[in-house]
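The next block holds one structure in the form of structure tokens; read it before the comments.
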Amino acid sequence: MSKQEAPVKKNDTVEVIIEDLTHDGAGVAKLNGYALFIPKALPGEKIKAKVVKVKKGYGFGRVLEIVEESKDRVNAPCPIFNQCGGCQLQHMSYEAQLRYKQKQVKDVLERIGKITDVPVHPTLGMSEPWRYRNKAQVPVGEEEGGLIAGFYQERSHRIIDMDECLIQHEENDKVIQKVKELARDVGIRGYDEERHRGTLRHVVARYGKRTGDIMVVLITRGQELPHKNKLIEAIRESIPNIKSIVQNINSKRTNVIFGEKTVILWGDEYIYDFIGDIKFAISARSFYQVNPEQTKVLYDKALDYAALTGTETVIDAYCGIGTISLFLAQNARHVYGVEIVPEAISDAKRNAKLNGFTNVDFAVGEAEKVIPWWHAQGIRPDVIVVDPPRKGCDDKLLGTILAMKPKRVVYVSCNPATLARDLRVLEDGGYKTQEVQPVDMFPWTTHVECISQLVLKND
Ligand code: SAH
């Protein structure tokens, strides 16, 4: 089918009904089958929009007027919602967001995976969906009056100063404000991305919600941090729960936040937090889920879907710092975790020791290479858990799962599209998807996390 010619021109004004939302939260209207994407418009709304971009199969519009408003529309509580881009759905009630995420998963499973007969449960949301993040990473720059720290204006590299972020834990907001003030007072220069000059590039705050521990990471362009001692002193005085102050050096011209070298300026290398009864050590660069409350909900579901009785051998593929592995190890005979980042595996081993687990083994490497090797060694898992990055599982890994024939597969996914693709492969190979549970890890954003259980069909 050839792509449809656009029935509109740039700068036209149109009145349309919004039918759906895209995966990035824009409203979708159809003009005789031609899709017009309109950010910040909600399903069911009648919108007067200006056409701002016209392509062959689709175009983009901007809301001029909401002629008929959806009952799901709310006033975005954050004053910088429209400039920031960190959240995409603050104009939609929380309840409607949860419904939208469930529908997204259902639609994608059907469209991409041809999976139609599987229950997709209502999204598990938060009772208090604000202030959930335990980590803030704030870019630092300069304005005429001195150092500023905030966020990049949507689709640009211009930093806009910010005082608070409503999805960030209050403690992190306080820490960022304090460090900003103190750095400004002692005369530290903010980073100038264009000319690759200045000192402070990012401030990162990490907070252990259960322990109250706070870590501050100062990411600098070079080794040198002028007025270092004065700054450390001032941070310690004004942030009582501070446990760790760290400098990370990133001398490259890059968008990547962290550099290779980390120096402890004061206190410990780690802060601690708990998920359920398990304690985790978190260092400046460790990957640790940003919404600890919902992480517990997700991992409880993983444990539920793994259906362990204490006798099982389990593999946790893409295990990060071993969070899911240790959760499973509470009820399994033995857990094997594999992860590609060596530092994450060191963290995983440390966390196992910290909690006294002796029934876990961790290996560094690609899941698609290490697991076939385990298979060759005679390891026979009853359950395999996978939690891959957005691109989903490697084909070879799916092949190995089909060859190993575990009784159950638990698939944790941050991208419904690759989940759908991979479930299709597992279904064709003899598994049945029992159910899919979306869990809202990132309220007010379009990110959708879900977990599903597959069982081996008797043949
Ligand atoms: N299960 C962990 C982390 C999941 S994030 C948790 O819940 O915290 C996905 C992880 O997969 C990342 O840590 C990433 O480094 C790792 N990864 C990416 N590609 C991989 C591969 N081919 N083999 C093993 N691990 C990989």
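In the structure tokens, chains take letters A, B, ... by order of appearance, with residues numbered from 1 within each chain and ligands from 1 in the order shown.
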Legend entry - Surroundings of ligand 1 up to 10 Å, based on only C-alpha atoms and all ligand atoms, as a VMD selection string: chain A and resid 286 to 290 295 298 to 299 316 to 325 337 to 345 363 to 371 385 to 394 397 412 to 414
Within 10 Å of region 13-19 of chain A, which residues of region 41-106 of chain A show up? Give each one with its shortest atom-to-atom distance in Å (one decimal) and the two atoms involved, counting only C-alpha atoms, rows by chain then rising residue number, as a tab-separated table.
residue	atom	partner	partner_atom	distance
A:Ala41	CA	A:Ile18	CA	7.0
A:Leu42	CA	A:Ile18	CA	6.3
A:Pro43	CA	A:Ile18	CA	4.7
A:Gly44	CA	A:Ile18	CA	5.4
A:Glu45	CA	A:Ile18	CA	5.5
A:Lys46	CA	A:Ile17	CA	4.5
A:Ile47	CA	A:Val16	CA	5.4
A:Lys48	CA	A:Glu15	CA	4.4
A:Ala49	CA	A:Val14	CA	5.4
A:Lys50	CA	A:Thr13	CA	4.6
A:Val51	CA	A:Thr13	CA	6.3
A:Val52	CA	A:Thr13	CA	9.5
A:Gly61	CA	A:Val14	CA	8.9
A:Arg62	CA	A:Thr13	CA	9.5
A:Val63	CA	A:Thr13	CA	9.8
A:Leu64	CA	A:Thr13	CA	8.6
A:Glu65	CA	A:Glu15	CA	9.2
A:Ile66	CA	A:Glu15	CA	9.6
A:Val67	CA	A:Glu15	CA	8.5
A:Glu68	CA	A:Ile17	CA	9.0
A:Ser70	CA	A:Ile18	CA	9.8
Legend entry - Spatial neighbours of region 207-220 of chain A, 6 Å, only C-alpha atoms, chain gap at least 2 places, as a list in words: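 Counting only C-alpha atoms, the residues come to Asn134, Thr199, Leu200, Arg201, His202, Val203, Val204, Ala205, Gly222, Asn241, Ile242, Lys243, Ser244, Ile245, Val246, Gln247, Asn248, Ile249, Ile271, Tyr272 and Asp273 of chain A.
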Expected file: the selected residues, N, CA, C and O atoms, as a PDB file, in the first residue's frame:
ATOM      1  N   ASN A 134      14.633   8.198  43.592  1.00  0.00           N
ATOM      2  CA  ASN A 134      15.687   8.216  44.613  1.00  0.00           C
ATOM      3  C   ASN A 134      17.013   8.729  44.068  1.00  0.00           C
ATOM      4  O   ASN A 134      18.015   8.712  44.760  1.00  0.00           O
ATOM      5  N   THR A 199      34.018  24.066  35.386  1.00  0.00           N
ATOM      6  CA  THR A 199      34.390  22.961  36.269  1.00  0.00           C
ATOM      7  C   THR A 199      33.291  21.926  36.465  1.00  0.00           C
ATOM      8  O   THR A 199      33.448  20.756  36.154  1.00  0.00           O
ATOM      9  N   LEU A 200      32.148  22.361  36.992  1.00  0.00           N
ATOM     10  CA  LEU A 200      31.139  21.409  37.463  1.00  0.00           C
ATOM     11  C   LEU A 200      30.154  21.088  36.339  1.00  0.00           C
ATOM     12  O   LEU A 200      29.483  21.975  35.813  1.00  0.00           O
ATOM     13  N   ARG A 201      30.062  19.823  35.949  1.00  0.00           N
ATOM     14  CA  ARG A 201      29.199  19.412  34.832  1.00  0.00           C
ATOM     15  C   ARG A 201      27.822  18.945  35.299  1.00  0.00           C
ATOM     16  O   ARG A 201      26.809  19.286  34.689  1.00  0.00           O
ATOM     17  N   HIS A 202      27.819  18.097  36.319  1.00  0.00           N
ATOM     18  CA  HIS A 202      26.553  17.565  36.837  1.00  0.00           C
ATOM     19  C   HIS A 202      26.657  17.437  38.350  1.00  0.00           C
ATOM     20  O   HIS A 202      27.750  17.232  38.875  1.00  0.00           O
ATOM     21  N   VAL A 203      25.529  17.528  39.015  1.00  0.00           N
ATOM     22  CA  VAL A 203      25.451  17.115  40.420  1.00  0.00           C
ATOM     23  C   VAL A 203      24.477  15.945  40.462  1.00  0.00           C
ATOM     24  O   VAL A 203      23.371  16.028  39.909  1.00  0.00           O
ATOM     25  N   VAL A 204      24.901  14.861  41.092  1.00  0.00           N
ATOM     26  CA  VAL A 204      24.021  13.702  41.231  1.00  0.00           C
ATOM     27  C   VAL A 204      23.765  13.488  42.717  1.00  0.00           C
ATOM     28  O   VAL A 204      24.695  13.528  43.527  1.00  0.00           O
ATOM     29  N   ALA A 205      22.502  13.326  43.076  1.00  0.00           N
ATOM     30  CA  ALA A 205      22.154  13.037  44.475  1.00  0.00           C
ATOM     31  C   ALA A 205      21.491  11.672  44.510  1.00  0.00           C
ATOM     32  O   ALA A 205      20.633  11.362  43.680  1.00  0.00           O
ATOM     33  N   GLY A 222      37.650  18.325  34.965  1.00  0.00           N
ATOM     34  CA  GLY A 222      39.042  17.902  35.177  1.00  0.00           C
ATOM     35  C   GLY A 222      39.226  17.395  36.596  1.00  0.00           C
ATOM     36  O   GLY A 222      38.272  17.314  37.367  1.00  0.00           O
ATOM     37  N   ASN A 241      22.298  14.121  56.901  1.00  0.00           N
ATOM     38  CA  ASN A 241      22.338  12.682  56.608  1.00  0.00           C
ATOM     39  C   ASN A 241      23.354  12.282  55.560  1.00  0.00           C
ATOM     40  O   ASN A 241      23.331  11.162  55.061  1.00  0.00           O
ATOM     41  N   ILE A 242      24.223  13.218  55.225  1.00  0.00           N
ATOM     42  CA  ILE A 242      25.186  12.898  54.161  1.00  0.00           C
ATOM     43  C   ILE A 242      26.136  11.804  54.637  1.00  0.00           C
ATOM     44  O   ILE A 242      26.634  11.842  55.751  1.00  0.00           O
ATOM     45  N   LYS A 243      26.302  10.783  53.776  1.00  0.00           N
ATOM     46  CA  LYS A 243      27.187   9.668  54.141  1.00  0.00           C
ATOM     47  C   LYS A 243      28.375   9.579  53.198  1.00  0.00           C
ATOM     48  O   LYS A 243      29.361   8.919  53.508  1.00  0.00           O
ATOM     49  N   SER A 244      28.230  10.215  52.051  1.00  0.00           N
ATOM     50  CA  SER A 244      29.261  10.032  51.042  1.00  0.00           C
ATOM     51  C   SER A 244      29.311  11.237  50.096  1.00  0.00           C
ATOM     52  O   SER A 244      28.268  11.670  49.592  1.00  0.00           O
ATOM     53  N   ILE A 245      30.541  11.781  49.913  1.00  0.00           N
ATOM     54  CA  ILE A 245      30.718  12.843  48.912  1.00  0.00           C
ATOM     55  C   ILE A 245      31.796  12.357  47.939  1.00  0.00           C
ATOM     56  O   ILE A 245      32.898  11.986  48.351  1.00  0.00           O
ATOM     57  N   VAL A 246      31.442  12.340  46.666  1.00  0.00           N
ATOM     58  CA  VAL A 246      32.289  11.705  45.671  1.00  0.00           C
ATOM     59  C   VAL A 246      32.502  12.663  44.506  1.00  0.00           C
ATOM     60  O   VAL A 246      31.607  13.423  44.154  1.00  0.00           O
ATOM     61  N   GLN A 247      33.717  12.629  43.946  1.00  0.00           N
ATOM     62  CA  GLN A 247      33.967  13.380  42.718  1.00  0.00           C
ATOM     63  C   GLN A 247      34.164  12.385  41.589  1.00  0.00           C
ATOM     64  O   GLN A 247      34.857  11.383  41.768  1.00  0.00           O
ATOM     65  N   ASN A 248      33.539  12.665  40.476  1.00  0.00           N
ATOM     66  CA  ASN A 248      33.767  11.827  39.297  1.00  0.00           C
ATOM     67  C   ASN A 248      34.275  12.747  38.200  1.00  0.00           C
ATOM     68  O   ASN A 248      33.776  13.860  38.031  1.00  0.00           O
ATOM     69  N   ILE A 249      35.291  12.275  37.485  1.00  0.00           N
ATOM     70  CA  ILE A 249      35.922  13.144  36.494  1.00  0.00           C
ATOM     71  C   ILE A 249      35.554  12.695  35.088  1.00  0.00           C
ATOM     72  O   ILE A 249      35.766  11.539  34.718  1.00  0.00           O
ATOM     73  N   ILE A 271      26.346   4.074  49.843  1.00  0.00           N
ATOM     74  CA  ILE A 271      25.220   4.261  50.753  1.00  0.00           C
ATOM     75  C   ILE A 271      24.396   2.972  50.665  1.00  0.00           C
ATOM     76  O   ILE A 271      24.630   2.140  49.785  1.00  0.00           O
ATOM     77  N   TYR A 272      23.442   2.830  51.567  1.00  0.00           N
ATOM     78  CA  TYR A 272      22.668   1.590  51.618  1.00  0.00           C
ATOM     79  C   TYR A 272      21.186   1.871  51.464  1.00  0.00           C
ATOM     80  O   TYR A 272      20.695   2.950  51.807  1.00  0.00           O
ATOM     81  N   ASP A 273      20.487   0.857  50.955  1.00  0.00           N
ATOM     82  CA  ASP A 273      19.024   0.925  50.916  1.00  0.00           C
ATOM     83  C   ASP A 273      18.494  -0.502  50.981  1.00  0.00           C
ATOM     84  O   ASP A 273      19.244  -1.461  50.775  1.00  0.00           O
TER      85      ASP A 273
END
Inset, instruction - May I have all residues of region 228-426 of chain A that DSSP, computed from the backbone, assigns to strand (DSSP E), given as a ChimeraX atom specification? - result: /A:242-249,261-267,271-275,278-282,313-317,334-339,360-364,383-386,408-413
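Across the structure, CA of Phe362 (chain A) and CA of Gly378 (chain A) are spaced 16.6 Å apart.
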Legend entry - Best match for closeness to Leu147 (chain A) among A:Gln177, A:Thr358, A:Gln453, A:Asn172, counting only C-alpha atoms: A:Gln177
Inset, instruction - For Met92 (chain A), work out the shell of residues within 7 Å, counting only C-alpha atoms and skipping chain neighbours fewer than 6 positions away, then give it as an MDAnalysis selection string. - result: chainID A and resid 72:74
Inset, instruction - Just the residues within 12 Å of Glu128 (chain A), please, counting only C-alpha atoms, with nothing from its chain fewer than 6 positions along; format it as a VMD selection string. - result: chain A and resid 94 to 95 166 to 167 169 291 293 to 294 440 443 to 444
Saved selection, atoms kept: all heavy atoms, as a short mmCIF file (atom, residue, chain, number, x, y, z; two decimals), in the first residue's frame:
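As a result, part12.cif now contains:
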data_model
loop_
_atom_site.label_atom_id
_atom_site.label_comp_id
_atom_site.auth_asym_id
_atom_site.auth_seq_id
_atom_site.Cartn_x
_atom_site.Cartn_y
_atom_site.Cartn_z
N TYR A 94 -3.99 10.51 36.98
CA TYR A 94 -3.15 9.33 37.22
C TYR A 94 -3.89 8.05 36.83
O TYR A 94 -3.33 7.14 36.23
CB TYR A 94 -2.68 9.29 38.68
CG TYR A 94 -1.64 8.20 38.89
CD1 TYR A 94 -0.51 8.15 38.09
CD2 TYR A 94 -1.81 7.23 39.87
CE1 TYR A 94 0.44 7.15 38.25
CE2 TYR A 94 -0.86 6.23 40.04
CZ TYR A 94 0.25 6.18 39.22
OH TYR A 94 1.18 5.19 39.38
N GLU A 95 -5.16 8.02 37.20
CA GLU A 95 -5.96 6.85 36.88
C GLU A 95 -6.01 6.58 35.37
O GLU A 95 -5.91 5.44 34.92
CB GLU A 95 -7.36 7.15 37.40
CG GLU A 95 -8.16 6.01 37.85
CD GLU A 95 -9.62 6.38 37.70
OE1 GLU A 95 -9.99 7.52 38.08
OE2 GLU A 95 -10.35 5.54 37.18
N LEU A 166 8.92 17.61 40.83
CA LEU A 166 7.85 16.97 41.61
C LEU A 166 7.90 15.44 41.60
O LEU A 166 7.20 14.81 42.39
CB LEU A 166 6.47 17.43 41.10
CG LEU A 166 6.19 18.92 41.21
CD1 LEU A 166 4.78 19.23 40.72
CD2 LEU A 166 6.37 19.42 42.63
N ILE A 167 8.70 14.84 40.74
CA ILE A 167 8.81 13.38 40.80
C ILE A 167 10.07 12.95 41.56
O ILE A 167 10.36 11.79 41.72
CB ILE A 167 8.75 12.69 39.42
CG1 ILE A 167 9.90 13.14 38.52
CG2 ILE A 167 7.42 12.94 38.74
CD1 ILE A 167 9.99 12.32 37.23
N HIS A 169 12.45 12.80 44.97
CA HIS A 169 12.28 12.83 46.42
C HIS A 169 12.72 14.19 46.97
O HIS A 169 13.71 14.76 46.50
CB HIS A 169 13.11 11.72 47.08
CG HIS A 169 12.64 11.46 48.47
ND1 HIS A 169 13.00 12.27 49.52
CD2 HIS A 169 11.81 10.54 48.99
CE1 HIS A 169 12.42 11.84 50.63
NE2 HIS A 169 11.68 10.80 50.31
N ASN A 291 12.77 3.83 41.43
CA ASN A 291 11.53 3.92 42.20
C ASN A 291 11.46 2.69 43.14
O ASN A 291 10.89 1.65 42.77
CB ASN A 291 10.34 3.95 41.24
CG ASN A 291 9.00 4.11 41.95
OD1 ASN A 291 8.88 3.82 43.16
ND2 ASN A 291 8.00 4.55 41.23
N GLU A 293 9.84 1.86 45.79
CA GLU A 293 8.55 1.34 46.24
C GLU A 293 7.93 0.41 45.18
O GLU A 293 7.48 -0.70 45.48
CB GLU A 293 7.63 2.53 46.49
CG GLU A 293 6.42 2.20 47.30
CD GLU A 293 5.58 3.46 47.53
OE1 GLU A 293 6.16 4.57 47.67
OE2 GLU A 293 4.35 3.33 47.55
N GLN A 294 7.95 0.86 43.94
CA GLN A 294 7.38 0.05 42.86
C GLN A 294 8.30 -1.11 42.47
O GLN A 294 7.84 -2.14 41.96
CB GLN A 294 7.07 0.91 41.63
CG GLN A 294 5.89 1.86 41.82
CD GLN A 294 4.60 1.13 42.10
OE1 GLN A 294 4.27 0.86 43.26
NE2 GLN A 294 3.83 0.81 41.06
N ASP A 440 3.57 0.33 37.19
CA ASP A 440 3.95 1.71 36.90
C ASP A 440 5.18 2.11 37.71
O ASP A 440 5.06 2.50 38.87
CB ASP A 440 2.79 2.66 37.19
CG ASP A 440 3.04 4.03 36.58
OD1 ASP A 440 3.85 4.11 35.63
OD2 ASP A 440 2.44 5.02 37.05
N PRO A 443 5.56 7.02 37.14
CA PRO A 443 4.36 7.84 36.98
C PRO A 443 4.63 9.19 36.30
O PRO A 443 5.70 9.75 36.49
CB PRO A 443 3.91 8.05 38.43
CG PRO A 443 4.41 6.84 39.15
CD PRO A 443 5.72 6.51 38.51
N TRP A 444 3.71 9.66 35.51
CA TRP A 444 3.69 10.93 34.77
C TRP A 444 4.58 10.90 33.54
O TRP A 444 4.67 11.86 32.81
CB TRP A 444 4.03 12.14 35.66
CG TRP A 444 3.30 12.06 36.94
CD1 TRP A 444 3.83 11.68 38.15
CD2 TRP A 444 1.90 12.29 37.17
NE1 TRP A 444 2.85 11.65 39.10
CE2 TRP A 444 1.66 12.03 38.54
CE3 TRP A 444 0.84 12.68 36.34
CZ2 TRP A 444 0.40 12.15 39.10
CZ3 TRP A 444 -0.43 12.81 36.92
CH2 TRP A 444 -0.63 12.54 38.28
#
Inset, instruction - Choose the residue, out of A:Arg424, A:Arg131, A:Lys228, A:Lys178, that has the smallest atom-to-atom separation from Phe442 (chain A); count only C-alpha atoms. - result: A:Arg131
